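For reference, the structure discussed in these notes is given below.
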Amino acid sequence: MLWTFSLWTQTEALEQDRLVEKRVDVFRDLESLLHAHRDSNRQLSGLDLVSEPQDIFNSLNETSDVSDSGTNSVFVLLSTHVSRPRHWVRKSIAHLLILVGGSKQAMLAAIIFVVMITGQYLLTKRGEFALSASPKSRFSAGCSAPILVESHDKKAASEVVVAHSKKNKNDNGRPQDEEIRAMNDDKVADLGAQGAVALYSLERLLQDPARAVKVRRKIVSRHECMSQSNFSLDSSHLPHEDYDYAKVLGACCENVIGYMPLPVGVAGPLNVDGARVFIPMATTEGALVASTNRGCTAINAGGGVVTALLADGMTRGPTVRFHNLQRASEAKAWLDSEYGYQSIEAAFNSTSRFGRLQSARSVIVGSELFIRFKSFTGDAMGMNMMSKGVEKALAAMAEGGFEDMQITSLSGNYCTDKKSAGINWVEGRGKSISAQATIPGEIVRTALKTDVDTLVDLNRSKNLIGSAVAGSIGGFNAHAANIVTAIFIATGQDPAQNVASSSCLTTMTKVGEDLQISVYMPSIEVGTVGGGTILRPQQAMLDLMGVRGSQEACPGGNAQKLARIVASGVLAGELSLCSALAAGSLVKSHMAHNRK
Ligand code: ADP
């Protein structure tokens with residue numbers, strides 16, 4: 001069935017620039033919706049502007065012709081008159097009268113429109129609309145009933161989509177939500193495969209996250225793009241049962257079809273700052289856990305790891321634009337001034353109990369100003385916290401005399417998140433940690449099968465000179481990323497943050513007859529609240545190390561301890577791999593652990 005969308009609005013009702021803005025918004029929304037559905041039968045017909053209610057009526061009649069050819073039309077009415085009740089009532093009645101004068105479809109549309117407006121008005125105290133339904137969700141539900149297009153500000157418009165089809169005004173053939181809920185999974189999946197139920201709407205529609213996952217697997221299996229394939233997701237080995245999807249919903253993943261089980265190994269216990277801790281590692285790389293475990297044994301024999309926290313601050317680096325370099329320079333001078341900094345600091349800190357701005361260094365390129373906000377974020381890794389705080393700080397900056405500032409992007413890559421960048425290596429991001437251990441020469445020989453001189457030489461040649469000639473940024477190590485990523489996945493960290501978090505400089509020195517080994521890791525981006533740390537299996541792994549959640553007595557203490565453990569695990573991994581390379585046993589041990 002062909003769908004067309006028309007946006008109608010009274011031009012007198014909205015100021016011209018706001019109107020254009022709204023048209024673009026609605027148009028884009030619908031367009032992306034159609035694109036997401038990849039449905040060539042649904043077309044955006046265009047947005048008609050009308051200035052008089054009578055024109056709405058005329059357009060309605062014209063579009064009815066399209067309906068005669070079997071097309072469903074969705075009419076979007078933009079009105080502006082709900083903020084003032086009396087005015088609103090008057091206008092709504094006018095609409096009703098005009099629409100009723102047209103056709104049966106128009107009458108129904110008008111009634112729906114008024115009922116909707118009334119309901120919205122009664123639901124909100126001052127007649128200001130709250131967002132009650134997004135066009136996406138209503139559309140995905142196949143709904144041809146009225147749709148509130150978007151919420152609006154205090155003064156302005158309400159948006160109502162009134163839809164009708166020739167055959168059935170309230171119903172494009174898709175059953176009501178309650179009916180769908182009462183169907184068996186296969187029936188719902190059939191609807192989904194026909195495009196009547198969107199994949200992403202299943203949780204809301206079925207109100208049962210586990211069932212939504214089951215049905216989604218069936219829909220994917222029945223999708224036409226899978227018709228040539230022998231593979232069925234539904235009966236595949238990707239597990240989906242016995243998982244707490246309620247925790248995932250709205251927090252960790254969308255369009256969920258199951259979960260990916262990964263083996264989790266444990267290395268240690270490793271003595272970190274005087275306390276022994278097991279290190280959980282989720283990996284599919286054979287030999288990795290065994291190797292790290294060997295490193296732990298050698299380190300423990302020398303008394304364990306000592307760590308130092310050098311800095312703790314997450315960063316967000318927006319880019320803002322001025323008309324010229326002079327204005328950008330004035331803004332920078334303001335930021336660097338005591339008064340300016342205090343203004344943004346107060347604004348930033350007001351957004352969180354934990355966020356405490358530490359610095360806001362900036363650079364100018366042309367007329368663009370890049371500001372690197374750095375803040376303590378407690379036990380959270382902190383990206384959400386930073387974004388919230390930075391938004392407020394920029395608003396304070398605009399109020400402080402820079403209304404002409406345009407915010408190009410809240411993240412201007414000066415942060416720098418999930419991309420290799422010298423600034424993280426030099427200035428640090430998240431937790432900056434140094435860790436050190438001393439391994440008795442005897443242990444190097446017996447447990448690591450090499451000797452101190454060979455190890456020191458190998459480290460200098462490989463991790464220092466080799467990385468230097470390769471032009472490395474922060475890659476002065478053997479395989480820090482292996483340990484970092486395995487711990488990140490096991491503990492619900494953001495695995496993409498292994499990019500900066502794995503930056504590491506490994507050094508080895510001979511002290512007497514012993515080996516002194518150290519790692520310097522300036523950008524360990526970890527948290528013990530928020531993100532994937534809300535999931536129970538990941539929480540169990542944080543519990544294993546005694547770092548789950550918020551440390552009430554000393555906020556930030558858990559995340560800092562986790563960072564110290566990560567660096568200590570890396571130290572163990574570096575020691576063991578470098579020893580294997582020095583002893584020439586790398587290939588041998590991989591053959592033993594990687595090949596059955
Ligand atoms: P992130 O900022 O790492 O993306 P979230 O925003 O998901 O993390 O989680 C941080 C949330 O956790 C904030 O709402 C914050 O108020 C709350 N929170 C509770 N305890 C702490 C704590 N000890 N440290 C930091 N945030 C905490």
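To be explicit about the labels: the chains of the structure tokens are called A, B, and onward in the order shown, and within each one the residues are counted from 1, while ligands get numbers from 1 in the order they are shown.
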
- Message: Neighbouring residues of ligand 1 are defined here as those with any atom at most 12 Å from a ligand atom, counting only C-alpha atoms and all ligand atoms; list them as an MDAnalysis selection string.
- Response: chainID A and resid 250:252 313:316 349:356 375:389 430 492:494 497 525:534 547:560

- Task: Give the strand (DSSP E or B) residues of stretch 365-587 of chain A, as DSSP finds them on the backbone, and put them as an MDAnalysis selection string.
- Result: chainID A and resid 365 368:376 380 406:409 430:439 475:476 504:511 514:524 529

- Note on the structure: Counting only C-alpha atoms, closest pick from A:Arg564, A:Lys214, A:Arg294, A:His223 relative to A:Ser434 is A:Arg564

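Pairwise distance (atom CA of A:Val570, atom CA of A:Val484) equals 7.0 Å.
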
- For A:Val452, the closest of A:Gln516, A:Ser420, A:Thr506, A:Ser409 counting only C-alpha atoms is A:Gln516

- Message: One number please: atom CA of A:Thr509 to atom CA of A:Pro440, in Å, one decimal.
- Response: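 These atoms are spaced 12.2 Å apart.
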
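Taking atom CA of A:Tyr520 and atom CA of A:Ser472 as endpoints, the distance between them is 15.0 Å.
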
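Distances here use only C-alpha atoms; by that measure, the residue among A:Ile483, A:Val365, A:Ala583, A:Ile524 closest to A:Leu455 is A:Ala583.
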
Tell me which protein, DNA and RNA residues are within 12 Å of A:Met541, counting only C-alpha atoms, leaving out same-chain ones fewer than 3 positions away, and put them as a compact mmCIF listing (two decimals) with N, CA, C and O atoms, in the first residue's frame.
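File part-v8.txt, as written:
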# COMPACT_ATOMS: atom_id res chain seq x y z
N VAL A 264 35.33 -16.33 30.25
CA VAL A 264 35.99 -15.41 31.19
C VAL A 264 36.98 -16.22 32.01
O VAL A 264 36.59 -17.19 32.68
N GLY A 265 38.23 -15.84 31.93
CA GLY A 265 39.26 -16.52 32.73
C GLY A 265 39.66 -15.64 33.89
O GLY A 265 39.28 -14.47 33.97
N VAL A 266 40.43 -16.19 34.77
CA VAL A 266 40.88 -15.39 35.90
C VAL A 266 42.39 -15.54 36.06
O VAL A 266 42.94 -16.63 35.92
N VAL A 277 44.25 -9.82 44.65
CA VAL A 277 43.00 -9.69 43.86
C VAL A 277 43.06 -10.58 42.64
O VAL A 277 44.09 -10.69 41.97
N PHE A 278 41.93 -11.27 42.39
CA PHE A 278 41.81 -12.04 41.15
C PHE A 278 41.42 -11.08 40.03
O PHE A 278 40.56 -10.20 40.23
N ILE A 279 41.99 -11.30 38.84
CA ILE A 279 41.70 -10.39 37.71
C ILE A 279 40.87 -11.14 36.66
O ILE A 279 41.37 -12.09 36.04
N PRO A 280 39.61 -10.72 36.45
CA PRO A 280 38.78 -11.40 35.44
C PRO A 280 39.10 -10.89 34.04
O PRO A 280 39.26 -9.69 33.83
N MET A 281 39.20 -11.83 33.10
CA MET A 281 39.53 -11.45 31.73
C MET A 281 38.61 -12.19 30.75
O MET A 281 38.60 -13.42 30.74
N ALA A 282 37.84 -11.45 29.98
CA ALA A 282 36.97 -12.05 28.97
C ALA A 282 37.72 -12.03 27.64
O ALA A 282 38.04 -10.96 27.13
N ALA A 486 40.43 -7.27 27.69
CA ALA A 486 39.82 -8.45 28.34
C ALA A 486 39.18 -8.05 29.68
O ALA A 486 38.07 -8.50 30.01
N ILE A 487 39.84 -7.19 30.43
CA ILE A 487 39.25 -6.74 31.71
C ILE A 487 38.05 -5.83 31.42
O ILE A 487 37.02 -5.91 32.09
N PHE A 488 38.16 -4.97 30.41
CA PHE A 488 37.05 -4.07 30.07
C PHE A 488 35.79 -4.86 29.74
O PHE A 488 34.70 -4.54 30.20
N ILE A 489 35.94 -5.89 28.93
CA ILE A 489 34.75 -6.65 28.53
C ILE A 489 34.18 -7.40 29.73
O ILE A 489 32.97 -7.46 29.92
N ALA A 490 35.05 -7.93 30.56
CA ALA A 490 34.57 -8.69 31.73
C ALA A 490 33.86 -7.81 32.74
O ALA A 490 33.00 -8.28 33.49
N THR A 491 34.18 -6.52 32.76
CA THR A 491 33.66 -5.68 33.84
C THR A 491 32.69 -4.59 33.36
O THR A 491 32.36 -3.68 34.11
N GLY A 492 32.24 -4.69 32.11
CA GLY A 492 31.23 -3.75 31.62
C GLY A 492 31.76 -2.37 31.29
O GLY A 492 31.01 -1.39 31.25
N GLN A 493 33.06 -2.28 31.00
CA GLN A 493 33.60 -1.00 30.54
C GLN A 493 33.24 -0.85 29.07
O GLN A 493 32.74 -1.78 28.44
N THR A 528 32.88 2.37 37.65
CA THR A 528 32.24 1.24 38.35
C THR A 528 30.75 1.50 38.55
O THR A 528 30.06 0.72 39.19
N GLY A 532 27.87 -0.31 31.05
CA GLY A 532 27.73 -1.77 31.15
C GLY A 532 27.92 -2.31 32.55
O GLY A 532 27.69 -3.50 32.80
N THR A 533 28.32 -1.45 33.49
CA THR A 533 28.52 -1.94 34.87
C THR A 533 27.19 -2.16 35.58
O THR A 533 27.17 -2.63 36.72
N ILE A 534 26.07 -1.83 34.93
CA ILE A 534 24.77 -2.07 35.57
C ILE A 534 24.29 -3.50 35.33
O ILE A 534 23.31 -3.92 35.91
N LEU A 535 24.97 -4.23 34.45
CA LEU A 535 24.54 -5.60 34.13
C LEU A 535 25.10 -6.57 35.18
O LEU A 535 26.24 -6.43 35.62
N ARG A 536 24.27 -7.55 35.55
CA ARG A 536 24.64 -8.41 36.69
C ARG A 536 25.93 -9.21 36.49
O ARG A 536 26.75 -9.26 37.40
N PRO A 537 26.14 -9.86 35.34
CA PRO A 537 27.39 -10.62 35.21
C PRO A 537 28.62 -9.72 35.32
O PRO A 537 29.62 -10.07 35.95
N GLN A 538 28.52 -8.54 34.72
CA GLN A 538 29.64 -7.59 34.80
C GLN A 538 29.81 -7.12 36.25
O GLN A 538 30.94 -6.95 36.74
N LEU A 544 34.06 -9.37 42.31
CA LEU A 544 35.22 -10.25 42.49
C LEU A 544 36.44 -9.44 42.94
O LEU A 544 37.26 -9.90 43.73
N MET A 545 36.51 -8.22 42.43
CA MET A 545 37.67 -7.36 42.78
C MET A 545 37.33 -6.36 43.88
O MET A 545 38.16 -5.54 44.25
N GLY A 546 36.07 -6.41 44.35
CA GLY A 546 35.67 -5.50 45.44
C GLY A 546 35.58 -4.05 45.00
O GLY A 546 35.86 -3.13 45.79
N VAL A 547 35.16 -3.83 43.72
CA VAL A 547 35.10 -2.45 43.25
C VAL A 547 33.75 -2.10 42.62
O VAL A 547 33.66 -1.16 41.83
N ARG A 548 32.72 -2.83 42.95
CA ARG A 548 31.43 -2.54 42.29
C ARG A 548 30.78 -1.27 42.84
O ARG A 548 30.82 -1.01 44.04
N GLY A 549 30.17 -0.53 41.93
CA GLY A 549 29.30 0.59 42.32
C GLY A 549 30.03 1.81 42.84
O GLY A 549 31.22 2.02 42.60
N LEU A 562 40.00 0.19 40.40
CA LEU A 562 39.90 -0.63 39.19
C LEU A 562 41.03 -0.25 38.22
O LEU A 562 41.65 -1.11 37.60

- Task: Extract, using only C-alpha atoms, all DNA, RNA and protein residues at most 9 Å from A:Leu458, discarding same-chain residues fewer than 2 positions from it, and format them as an MDAnalysis selection string.
- Result: chainID A and resid 453:456 460:463 578:579 581:582

- Query: Which residues, written as a list in words, have at least one atom at most 8 Å from A:Asp404, with only C-alpha atoms counted and residues fewer than 6 positions away on the same chain left out?
  - Reply: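 Answer for this query is Phe322, His323 and Ala398 of chain A.
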
- Item | Per-residue DSSP, stretch 202-371 of chain A, filtered to alpha helix (DSSP H), as a count of residues only | 61

Identify, on the basis of only C-alpha atoms, every residue whose closest approach to A:Gly304 does not exceed 12 Å; exclude the query and any residue fewer than 6 positions from it along the same chain; express the result as a PDB file with C-alpha atoms, in the first residue's frame.
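The resulting file, result.pdb, is reproduced below:
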ATOM      1  CA  GLY A 268      46.061 -14.176  39.906  1.00  0.00           C
ATOM      2  CA  PRO A 269      45.463 -13.499  42.630  1.00  0.00           C
ATOM      3  CA  LEU A 270      47.886 -10.652  42.111  1.00  0.00           C
ATOM      4  CA  ASN A 271      49.204  -8.650  45.013  1.00  0.00           C
ATOM      5  CA  VAL A 272      48.240  -5.046  44.210  1.00  0.00           C
ATOM      6  CA  ASP A 273      49.235  -2.435  46.784  1.00  0.00           C
ATOM      7  CA  GLY A 274      49.337  -5.040  49.526  1.00  0.00           C
ATOM      8  CA  ALA A 275      46.000  -6.758  48.807  1.00  0.00           C
ATOM      9  CA  ARG A 276      45.528  -9.847  46.682  1.00  0.00           C
ATOM     10  CA  VAL A 277      43.005  -9.686  43.864  1.00  0.00           C
ATOM     11  CA  GLY A 295      53.257 -12.844  35.221  1.00  0.00           C
ATOM     12  CA  CYS A 296      51.191 -12.572  38.418  1.00  0.00           C
ATOM     13  CA  THR A 297      53.052 -15.488  39.979  1.00  0.00           C
ATOM     14  CA  ALA A 298      56.422 -13.921  39.203  1.00  0.00           C
ATOM     15  CA  ALA A 435      52.755   0.734  38.425  1.00  0.00           C
ATOM     16  CA  GLN A 436      55.955  -1.037  39.365  1.00  0.00           C
ATOM     17  CA  ALA A 437      57.188  -4.435  40.538  1.00  0.00           C
ATOM     18  CA  THR A 438      60.562  -5.924  41.337  1.00  0.00           C
ATOM     19  CA  ILE A 439      61.167  -9.526  40.271  1.00  0.00           C
ATOM     20  CA  PRO A 440      64.009 -11.404  41.928  1.00  0.00           C
ATOM     21  CA  GLN A 516      62.494  -3.671  38.065  1.00  0.00           C
ATOM     22  CA  ILE A 517      59.592  -3.422  35.655  1.00  0.00           C
ATOM     23  CA  SER A 518      57.167  -0.500  35.371  1.00  0.00           C
ATOM     24  CA  ILE A 565      44.220  -3.238  38.970  1.00  0.00           C
ATOM     25  CA  SER A 568      48.841  -4.129  37.478  1.00  0.00           C
ATOM     26  CA  GLY A 569      47.325  -6.741  35.165  1.00  0.00           C
ATOM     27  CA  LEU A 571      52.332  -5.181  34.174  1.00  0.00           C
ATOM     28  CA  ALA A 572      51.890  -8.944  34.608  1.00  0.00           C
TER      29      ALA A 572
END
